[in-house]
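Asker: Take this structure, written in structure tokens, and hold onto it; I'll ask about it next.
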Amino acid sequence: MAALQKIRSKGALLVGVLGLALFAFIAEEFFRSIETTSAMDRAQVGEVYGAKLSIQDFQQMVEDQSELTKFQLRMQGQDGTLNDEQTEQIREQVWQQFVQQQVIQHECDKLGLYVTDAEVQEALRQGSAQSLQMMAALFGNPQTGHFDLAQLQAFLKDYKKTIAQAQQAGQAEQVEQIQSIKKIWDFTEKQLRDELLAQKYNVLFAMGYISNPIAAKMSFDERNVQYTADVVALPYTAIADKDIQVTDADLKAAYDQYKENFYLSQPTRDLKLLDINVVASAEDRAELTKKVADFEQKLREGGDVANIVRTANSNVLYSDVALSKKAFSTIPDVAANLDSMAVGSVKATYYNAQDNTINTLKLVSKTTAPDSILYRQIAAIADTPEARKAQADSILNALNGGAAFADLAKRYGQRSDSVWITSSQFEGFGMPDESAKYINTLYTTAPNTATVLATDQGAVVIQVLDRKNMVEKYNVAIVKCTLNFSSKTYENELSKINRFLAQNKDAASIEKNAAKAGYMLADIPGYTPLQNLIPVRIGGAQARDCARWIFDEAKAGDVSRLYECGRANDHLLLVIVKATNDDKYLAWDNPQVKEFLTNVVMQQKKAEKAMALAKNVKSIADMQKLKGAVTGTLSNISFSSYPTLAGVNVLEPALAATICKTPVGKVSKVKQGAGAIYLVKVNTKANTAEKFDAATEQQSAAQMVGQRSFQSTFNYLMLHDSKMVDRRYEF
């Protein structure tokens, strides 16, 4: 009882303690949730209309698009590898596709537009959608070359079975190829749905615009009624800049007029960039040249070419198979030497500036082989290499004994279809030995005969049915080594820039003394997250750190630390932030805005001065007397054209309008244009041979207006309405 009484006497204290404990628990969960949310936000590449794109999803989309691009390259006869520039282009393409898809999806959701499964099936049946065009190479009708839904359906139906058979036969490369095709199709199917939705929105938008016979006739006449005229102009360049005074009041007035030109959909920064691209020294070049020359000598001595190329760490891997000229299209310096070399000869060591490499090569052999081969195969499915070889020999014996190929294929659970394979589908550098043996077997097997190819990976009976387009092919061993800078060269450049920065620690000093020290500062006005220029152009983790610093930390006047970056760690980068622009509009006194406004006001005042000089002009002769006037004759001018007069060299729609509104034989009044004032005398007026078709012209006019309106609306939605956030610079 005493204990209970004591607890009661301390009730208020206990309530307070429990309250604090409960508050601490809630606060801990609150801050943990904030931490989690913050971490999730940091993992976002960007967002559009609130739809966030995570770095994981973005990278997957880039990977999917890369697979499709590699496939396209292989179909064009290239090796299917992507360089840094192509990879960055794909990153940009994926981002733009995401933005476009989200904007259109947002608008379609409001309108109740969506794509049904039936519409997708109809698009597949027709096969004309843009996203299906590349799929024709995989699932095309042999007769038409167009996408064939039946081919796709057969592939999807047998996909798991085909994978299992290839795995059982030990054909790992074939499994990878089949999985890659499936992955490409899955990506294409999503693209097809996005394409169909965009088409729906575009068509609905365009249907909101119509024309009428009167507007159609005006549009037709604007193109097809043409004039010739004598023109005299007084260019604004004839008036000296020193004779024009531009005040801040003039600039502010022009700023109000052109303010929408300076709208910012994203914050921007005005930068000065000091970017040192470290390159190999003369000593580095001499050392690599000597190394490649040693491999040249080994090639001349007749060593194992595969081992020599591998030991040299050549950029181009060796394949013991003859390749067509197309295969060498990505290495043009090698392709240029092939026809001038004799079999067994070795090219003397040389430097190629296009890819910054030191090279030598040996033409191992040259042969005439088919560019296209029609064949079919049956893979042995026994458990061990020996059993598979025996099984393949048995199948070959049965074929040679008169058994039907289709019956044998069916017995082993395989298809008997024949397939055309072309050089562009299989040629490449560094292919595995098994693949090279496979290709060489196809090359050397005569039409209407079969043979067995057995390797450690499996055994297969190959029957060649036809061979077409015999072309010259080359087996070449290539030593191609990139000329990189040495660590000594890099340290010398690093020491040099560090000495300069030790003596010049602020922005003003760096700008003043950079040129004297041999450094160039590049101006980058209006740098935005959307440009993504520094991470893309320079590359490397520290380049992304630099971009983060620019937008997340730096203030006007700040100088960055020296970043060691580049995809090959070959850039030393310093950034000066001249101005930060975080408002909705650039200010009138922003350097780039001020330069634009100064030019505008200068042109306006020169136009006023020119018009004053021409106030008493009544004829062509009067206009020609003005100092600096130029004369010319213009032909085939219509209302819709953008003529330019030699000596002015500015596109002038106002000049076209003046010519078309002046009667034949008459002289116009003096008219103000973009680059000059003009006086015209119209000599002739004539119609073209084109016949007016009211229905066609109305449809064309409506489509043109609809397309322009769609593009303008889409741009407005993207830049002003979508609340787009682009943080790619962080990744």
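To be explicit about the labels: the chains of the structure tokens are called A, B, and onward in the order shown, and within each one the residues are counted from 1, while ligands get numbers from 1 in the order they are shown.
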Find the spatial neighbours of range 227-244 of chain A, counting only C-alpha atoms, within a cut-off of 6 Å - ignore same-chain residues fewer than 3 positions away - and output them as a ChimeraX atom specification.
Answerer: /A:606,628-637,648,675-685
Asker: Write out as a VMD selection string which residues come within 10 Å of Asn687 in chain A when counting only C-alpha atoms, dropping same-chain ones fewer than 4 positions away.
Answerer: chain A and resid 221 223 to 227 636 638 691
Asker: For Lys252 in chain A, list every protein, DNA or RNA residue within 12 Å, evaluated using only C-alpha atoms, and leave out those in the same chain fewer than 2 positions away; present the list as JSON, numbers by chain.
Answerer: {"A": [246, 247, 248, 249, 250, 254, 255, 256, 257, 258, 259, 587, 588, 589, 590, 593, 594, 596, 597, 598, 600, 601]}
Asker: Give me, as JSON lines, the closest atom pair and its distance (Å, one decimal) for every residue of range 34-137 of chain A within a cut-off of 8 Å of range 143-161 of chain A, counting only C-alpha atoms, rows sorted by chain and rising number.
Answerer:
```
{"residue": "A:Leu124", "atom": "CA", "partner": "A:Leu149", "partner_atom": "CA", "distance": 6.0}
{"residue": "A:Arg125", "atom": "CA", "partner": "A:Leu149", "partner_atom": "CA", "distance": 5.8}
{"residue": "A:Gly127", "atom": "CA", "partner": "A:Phe147", "partner_atom": "CA", "distance": 5.3}
{"residue": "A:Ser128", "atom": "CA", "partner": "A:Phe147", "partner_atom": "CA", "distance": 7.7}
{"residue": "A:Leu132", "atom": "CA", "partner": "A:Phe147", "partner_atom": "CA", "distance": 6.8}
{"residue": "A:Gln133", "atom": "CA", "partner": "A:Phe147", "partner_atom": "CA", "distance": 6.9}
{"residue": "A:Met135", "atom": "CA", "partner": "A:Phe147", "partner_atom": "CA", "distance": 6.3}
{"residue": "A:Ala136", "atom": "CA", "partner": "A:Phe147", "partner_atom": "CA", "distance": 4.2}
{"residue": "A:Ala137", "atom": "CA", "partner": "A:Gly145", "partner_atom": "CA", "distance": 7.7}
```
Asker: May I have the residues from that selection written out with N, CA and C atoms, as a PDB file, in the first residue's frame?
Answerer:
```pdb
ATOM      1  N   LEU A 124       0.116  -4.203 -84.353  1.00  0.00           N
ATOM      2  CA  LEU A 124       1.025  -5.311 -84.641  1.00  0.00           C
ATOM      3  C   LEU A 124       0.633  -6.001 -85.949  1.00  0.00           C
ATOM      4  N   ARG A 125      -0.655  -6.142 -86.160  1.00  0.00           N
ATOM      5  CA  ARG A 125      -1.123  -6.798 -87.389  1.00  0.00           C
ATOM      6  C   ARG A 125      -0.733  -5.977 -88.614  1.00  0.00           C
ATOM      7  N   GLY A 127       1.686  -3.608 -88.695  1.00  0.00           N
ATOM      8  CA  GLY A 127       3.146  -3.602 -88.742  1.00  0.00           C
ATOM      9  C   GLY A 127       3.777  -2.335 -89.276  1.00  0.00           C
ATOM     10  N   SER A 128       3.016  -1.242 -89.340  1.00  0.00           N
ATOM     11  CA  SER A 128       3.541  -0.008 -89.935  1.00  0.00           C
ATOM     12  C   SER A 128       4.006   1.016 -88.903  1.00  0.00           C
ATOM     13  N   LEU A 132       8.077  -0.422 -84.793  1.00  0.00           N
ATOM     14  CA  LEU A 132       8.178  -1.805 -85.281  1.00  0.00           C
ATOM     15  C   LEU A 132       9.124  -1.952 -86.471  1.00  0.00           C
ATOM     16  N   GLN A 133       9.618  -0.832 -86.988  1.00  0.00           N
ATOM     17  CA  GLN A 133      10.398  -0.919 -88.220  1.00  0.00           C
ATOM     18  C   GLN A 133      11.672  -1.740 -88.044  1.00  0.00           C
ATOM     19  N   MET A 135      12.111  -4.051 -85.904  1.00  0.00           N
ATOM     20  CA  MET A 135      11.751  -5.431 -85.591  1.00  0.00           C
ATOM     21  C   MET A 135      11.584  -6.280 -86.852  1.00  0.00           C
ATOM     22  N   ALA A 136      11.466  -5.611 -88.014  1.00  0.00           N
ATOM     23  CA  ALA A 136      11.334  -6.354 -89.264  1.00  0.00           C
ATOM     24  C   ALA A 136      12.580  -7.184 -89.539  1.00  0.00           C
ATOM     25  N   ALA A 137      13.728  -6.740 -89.015  1.00  0.00           N
ATOM     26  CA  ALA A 137      14.963  -7.502 -89.207  1.00  0.00           C
ATOM     27  C   ALA A 137      14.935  -8.811 -88.420  1.00  0.00           C
TER      28      ALA A 137
END
```
Asker: I'd like to know which residues of range 158-346 of chain A are alpha helix (DSSP H) (by DSSP, run on the backbone); could you write them as an mmCIF file with C-alpha atoms, in the first residue's frame?
Answerer:
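Output (part-v6.cif):
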```cif
data_model
loop_
_atom_site.group_PDB
_atom_site.id
_atom_site.type_symbol
_atom_site.label_atom_id
_atom_site.label_comp_id
_atom_site.auth_asym_id
_atom_site.auth_seq_id
_atom_site.Cartn_x
_atom_site.Cartn_y
_atom_site.Cartn_z
ATOM 1 C CA ASP A 158 8.577 -21.265 -78.561
ATOM 2 C CA TYR A 159 10.748 -18.916 -76.480
ATOM 3 C CA LYS A 160 11.088 -21.068 -73.338
ATOM 4 C CA LYS A 161 11.418 -24.253 -75.347
ATOM 5 C CA THR A 162 14.131 -22.766 -77.569
ATOM 6 C CA ILE A 163 16.061 -21.518 -74.540
ATOM 7 C CA ALA A 164 15.873 -24.956 -72.907
ATOM 8 C CA GLN A 165 17.108 -26.696 -76.053
ATOM 9 C CA ALA A 166 20.029 -24.309 -76.465
ATOM 10 C CA GLN A 167 20.974 -24.715 -72.801
ATOM 11 C CA GLN A 168 20.801 -28.500 -73.091
ATOM 12 C CA ALA A 172 25.567 -20.435 -74.175
ATOM 13 C CA GLU A 173 26.051 -17.787 -76.862
ATOM 14 C CA GLN A 174 22.791 -18.741 -78.573
ATOM 15 C CA VAL A 175 20.950 -18.564 -75.235
ATOM 16 C CA GLU A 176 22.289 -15.052 -74.710
ATOM 17 C CA GLN A 177 21.225 -13.990 -78.211
ATOM 18 C CA ILE A 178 17.680 -15.341 -77.771
ATOM 19 C CA GLN A 179 17.342 -13.615 -74.384
ATOM 20 C CA SER A 180 18.622 -10.383 -75.919
ATOM 21 C CA ILE A 181 16.000 -10.579 -78.691
ATOM 22 C CA LYS A 182 13.260 -11.104 -76.087
ATOM 23 C CA LYS A 183 14.524 -8.124 -74.113
ATOM 24 C CA ILE A 184 14.532 -5.964 -77.246
ATOM 25 C CA TRP A 185 10.957 -6.995 -78.001
ATOM 26 C CA ASP A 186 9.732 -6.222 -74.455
ATOM 27 C CA PHE A 187 11.228 -2.734 -74.751
ATOM 28 C CA THR A 188 9.768 -2.249 -78.238
ATOM 29 C CA GLU A 189 6.294 -3.275 -77.044
ATOM 30 C CA LYS A 190 6.329 -0.513 -74.423
ATOM 31 C CA GLN A 191 7.555 1.962 -77.031
ATOM 32 C CA LEU A 192 4.681 0.896 -79.284
ATOM 33 C CA ARG A 193 2.099 1.709 -76.604
ATOM 34 C CA ASP A 194 3.688 5.112 -75.998
ATOM 35 C CA GLU A 195 3.757 5.771 -79.751
ATOM 36 C CA LEU A 196 0.068 4.877 -80.166
ATOM 37 C CA LEU A 197 -0.953 7.132 -77.265
ATOM 38 C CA ALA A 198 1.071 10.028 -78.684
ATOM 39 C CA GLN A 199 -0.580 9.493 -82.086
ATOM 40 C CA LYS A 200 -4.037 9.569 -80.498
ATOM 41 C CA TYR A 201 -3.300 12.829 -78.707
ATOM 42 C CA ASN A 202 -1.742 14.373 -81.805
ATOM 43 C CA VAL A 203 -4.649 13.363 -84.049
ATOM 44 C CA LEU A 204 -7.221 14.651 -81.562
ATOM 45 C CA PHE A 205 -5.315 17.910 -81.292
ATOM 46 C CA ALA A 206 -5.021 18.301 -85.076
ATOM 47 C CA PRO A 213 -12.131 27.881 -99.122
ATOM 48 C CA ILE A 214 -11.191 31.535 -98.665
ATOM 49 C CA ALA A 215 -8.242 30.780 -96.351
ATOM 50 C CA ALA A 216 -7.207 27.903 -98.634
ATOM 51 C CA LYS A 217 -7.140 30.221 -101.692
ATOM 52 C CA MET A 218 -5.107 32.799 -99.774
ATOM 53 C CA SER A 219 -2.622 30.135 -98.693
ATOM 54 C CA PHE A 220 -2.347 28.878 -102.291
ATOM 55 C CA ASP A 221 -1.803 32.377 -103.692
ATOM 56 C CA GLU A 222 0.841 33.143 -101.059
ATOM 57 C CA ARG A 223 2.954 30.362 -102.595
ATOM 58 C CA ASN A 224 2.021 30.497 -106.254
ATOM 59 C CA ASP A 248 19.898 52.179 -69.762
ATOM 60 C CA ALA A 249 16.396 53.600 -70.143
ATOM 61 C CA ASP A 250 16.359 52.361 -73.750
ATOM 62 C CA LEU A 251 17.472 48.920 -72.614
ATOM 63 C CA LYS A 252 14.838 48.718 -69.866
ATOM 64 C CA ALA A 253 12.100 49.704 -72.327
ATOM 65 C CA ALA A 254 13.273 47.023 -74.774
ATOM 66 C CA TYR A 255 13.468 44.529 -71.899
ATOM 67 C CA ASP A 256 9.767 45.027 -71.151
ATOM 68 C CA GLN A 257 9.025 44.366 -74.809
ATOM 69 C CA TYR A 258 11.128 41.202 -75.082
ATOM 70 C CA ALA A 282 56.353 13.566 -77.353
ATOM 71 C CA GLU A 283 58.132 11.155 -75.004
ATOM 72 C CA ASP A 284 54.902 9.195 -74.475
ATOM 73 C CA ARG A 285 54.427 8.905 -78.243
ATOM 74 C CA ALA A 286 57.984 7.738 -78.836
ATOM 75 C CA GLU A 287 57.674 5.053 -76.154
ATOM 76 C CA LEU A 288 54.416 3.618 -77.512
ATOM 77 C CA THR A 289 55.698 3.742 -81.102
ATOM 78 C CA LYS A 290 58.694 1.635 -80.057
ATOM 79 C CA LYS A 291 56.411 -0.863 -78.286
ATOM 80 C CA VAL A 292 54.129 -1.286 -81.320
ATOM 81 C CA ALA A 293 57.172 -1.554 -83.604
ATOM 82 C CA ASP A 294 58.309 -4.530 -81.519
ATOM 83 C CA PHE A 295 54.963 -6.242 -82.160
ATOM 84 C CA GLU A 296 55.293 -5.356 -85.845
ATOM 85 C CA GLN A 297 58.575 -7.254 -85.903
ATOM 86 C CA LYS A 298 56.982 -10.275 -84.209
ATOM 87 C CA LEU A 299 54.232 -10.294 -86.838
ATOM 88 C CA ARG A 300 56.868 -10.202 -89.566
ATOM 89 C CA VAL A 305 49.035 -13.695 -84.451
ATOM 90 C CA ALA A 306 46.286 -14.274 -81.874
ATOM 91 C CA ASN A 307 48.827 -14.318 -79.056
ATOM 92 C CA ILE A 308 50.655 -11.249 -80.421
ATOM 93 C CA VAL A 309 47.452 -9.205 -80.653
ATOM 94 C CA ARG A 310 46.387 -10.322 -77.186
ATOM 95 C CA THR A 311 49.823 -9.551 -75.658
ATOM 96 C CA PRO A 332 38.672 3.167 -91.632
ATOM 97 C CA ASP A 333 42.464 3.439 -91.373
ATOM 98 C CA VAL A 334 42.659 -0.379 -91.466
ATOM 99 C CA ALA A 335 40.053 -0.674 -94.233
ATOM 100 C CA ALA A 336 42.056 1.773 -96.386
ATOM 101 C CA ASN A 337 45.100 -0.540 -96.299
ATOM 102 C CA LEU A 338 43.462 -3.906 -97.056
#
```
Asker: Using Å and a single decimal, report how far CA of Arg269 in chain A sits from CA of Lys584 in chain A.
Answerer: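 Between these atoms lies a distance of 13.2 Å.
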Asker: Compile the contact shell of Thr444 in chain A as a list of chain:residue names: residues with an atom at most 10 Å away, counting only C-alpha atoms, same-chain residues fewer than 4 positions apart removed.
Answerer: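 Skipping anything fewer than 4 positions along the chain leaves A:Ala369, A:Pro370, A:Ile439, A:Asn440, A:Val464.
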Asker: Determine, counting only C-alpha atoms, which protein, DNA and RNA residues have an atom within 7 Å of an atom of Ile358 in chain A; residues of the same chain fewer than 5 positions away are not included. Present the result as an MDAnalysis selection string.
Answerer: chainID A and resid 289 292 349:352 480:483
Asker: Limited to C-alpha atoms, could you put the picked residues into a file as a PDB file, in the first residue's frame?
Answerer:
```
ATOM      1  CA  THR A 289      55.698   3.742 -81.102  1.00  0.00           C
ATOM      2  CA  VAL A 292      54.129  -1.286 -81.320  1.00  0.00           C
ATOM      3  CA  THR A 349      53.965   1.083 -87.627  1.00  0.00           C
ATOM      4  CA  TYR A 350      51.982   4.302 -88.094  1.00  0.00           C
ATOM      5  CA  TYR A 351      50.036   6.933 -86.129  1.00  0.00           C
ATOM      6  CA  ASN A 352      46.322   7.495 -86.858  1.00  0.00           C
ATOM      7  CA  LYS A 480      45.884  -0.771 -82.441  1.00  0.00           C
ATOM      8  CA  CYS A 481      47.018   0.927 -79.220  1.00  0.00           C
ATOM      9  CA  THR A 482      45.646   4.235 -77.937  1.00  0.00           C
ATOM     10  CA  LEU A 483      48.282   6.901 -77.362  1.00  0.00           C
TER      11      LEU A 483
END
```
Asker: Quick one: residues within 12 Å of Asn498 in chain A, only C-alpha atoms, excluding same-chain residues fewer than 4 positions away - as a list in words?
Answerer: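 So the residues in contact are Glu491, Asn492, Glu493, Leu494, Ala502, Gln503, Asn504, Lys505, Ala517, Arg561, Leu562, Tyr563, Glu564, Leu572, Leu573 and Leu574 of chain A.
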Asker: Can I get the selection written as a PDB file, in the first residue's frame, with C-alpha atoms?
Answerer:
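Now in again26.pdb:
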```
ATOM      1  CA  GLU A 491      51.861  15.041 -62.843  1.00  0.00           C
ATOM      2  CA  ASN A 492      53.635  17.772 -64.822  1.00  0.00           C
ATOM      3  CA  GLU A 493      50.299  19.278 -65.912  1.00  0.00           C
ATOM      4  CA  LEU A 494      48.884  18.984 -62.390  1.00  0.00           C
ATOM      5  CA  ALA A 502      48.598  29.172 -55.721  1.00  0.00           C
ATOM      6  CA  GLN A 503      49.493  32.551 -57.223  1.00  0.00           C
ATOM      7  CA  ASN A 504      45.947  33.390 -58.376  1.00  0.00           C
ATOM      8  CA  LYS A 505      43.414  32.517 -55.708  1.00  0.00           C
ATOM      9  CA  ALA A 517      49.967  31.266 -68.201  1.00  0.00           C
ATOM     10  CA  ARG A 561      38.383  23.489 -56.337  1.00  0.00           C
ATOM     11  CA  LEU A 562      40.451  21.803 -59.034  1.00  0.00           C
ATOM     12  CA  TYR A 563      38.622  18.683 -60.212  1.00  0.00           C
ATOM     13  CA  GLU A 564      40.605  15.751 -61.600  1.00  0.00           C
ATOM     14  CA  LEU A 572      41.758  19.097 -64.950  1.00  0.00           C
ATOM     15  CA  LEU A 573      38.739  21.319 -64.400  1.00  0.00           C
ATOM     16  CA  LEU A 574      38.197  24.648 -62.646  1.00  0.00           C
TER      17      LEU A 574
END
```
Asker: Identify, on the basis of only C-alpha atoms, every residue whose closest approach to range 78-93 of chain A does not exceed 8 Å; exclude the query and any residue fewer than 3 positions from it along the same chain; express the result as a ChimeraX atom specification.
Answerer: /A:62,65-66,69-75,96-97,326-327,329-330,424,427-429,536
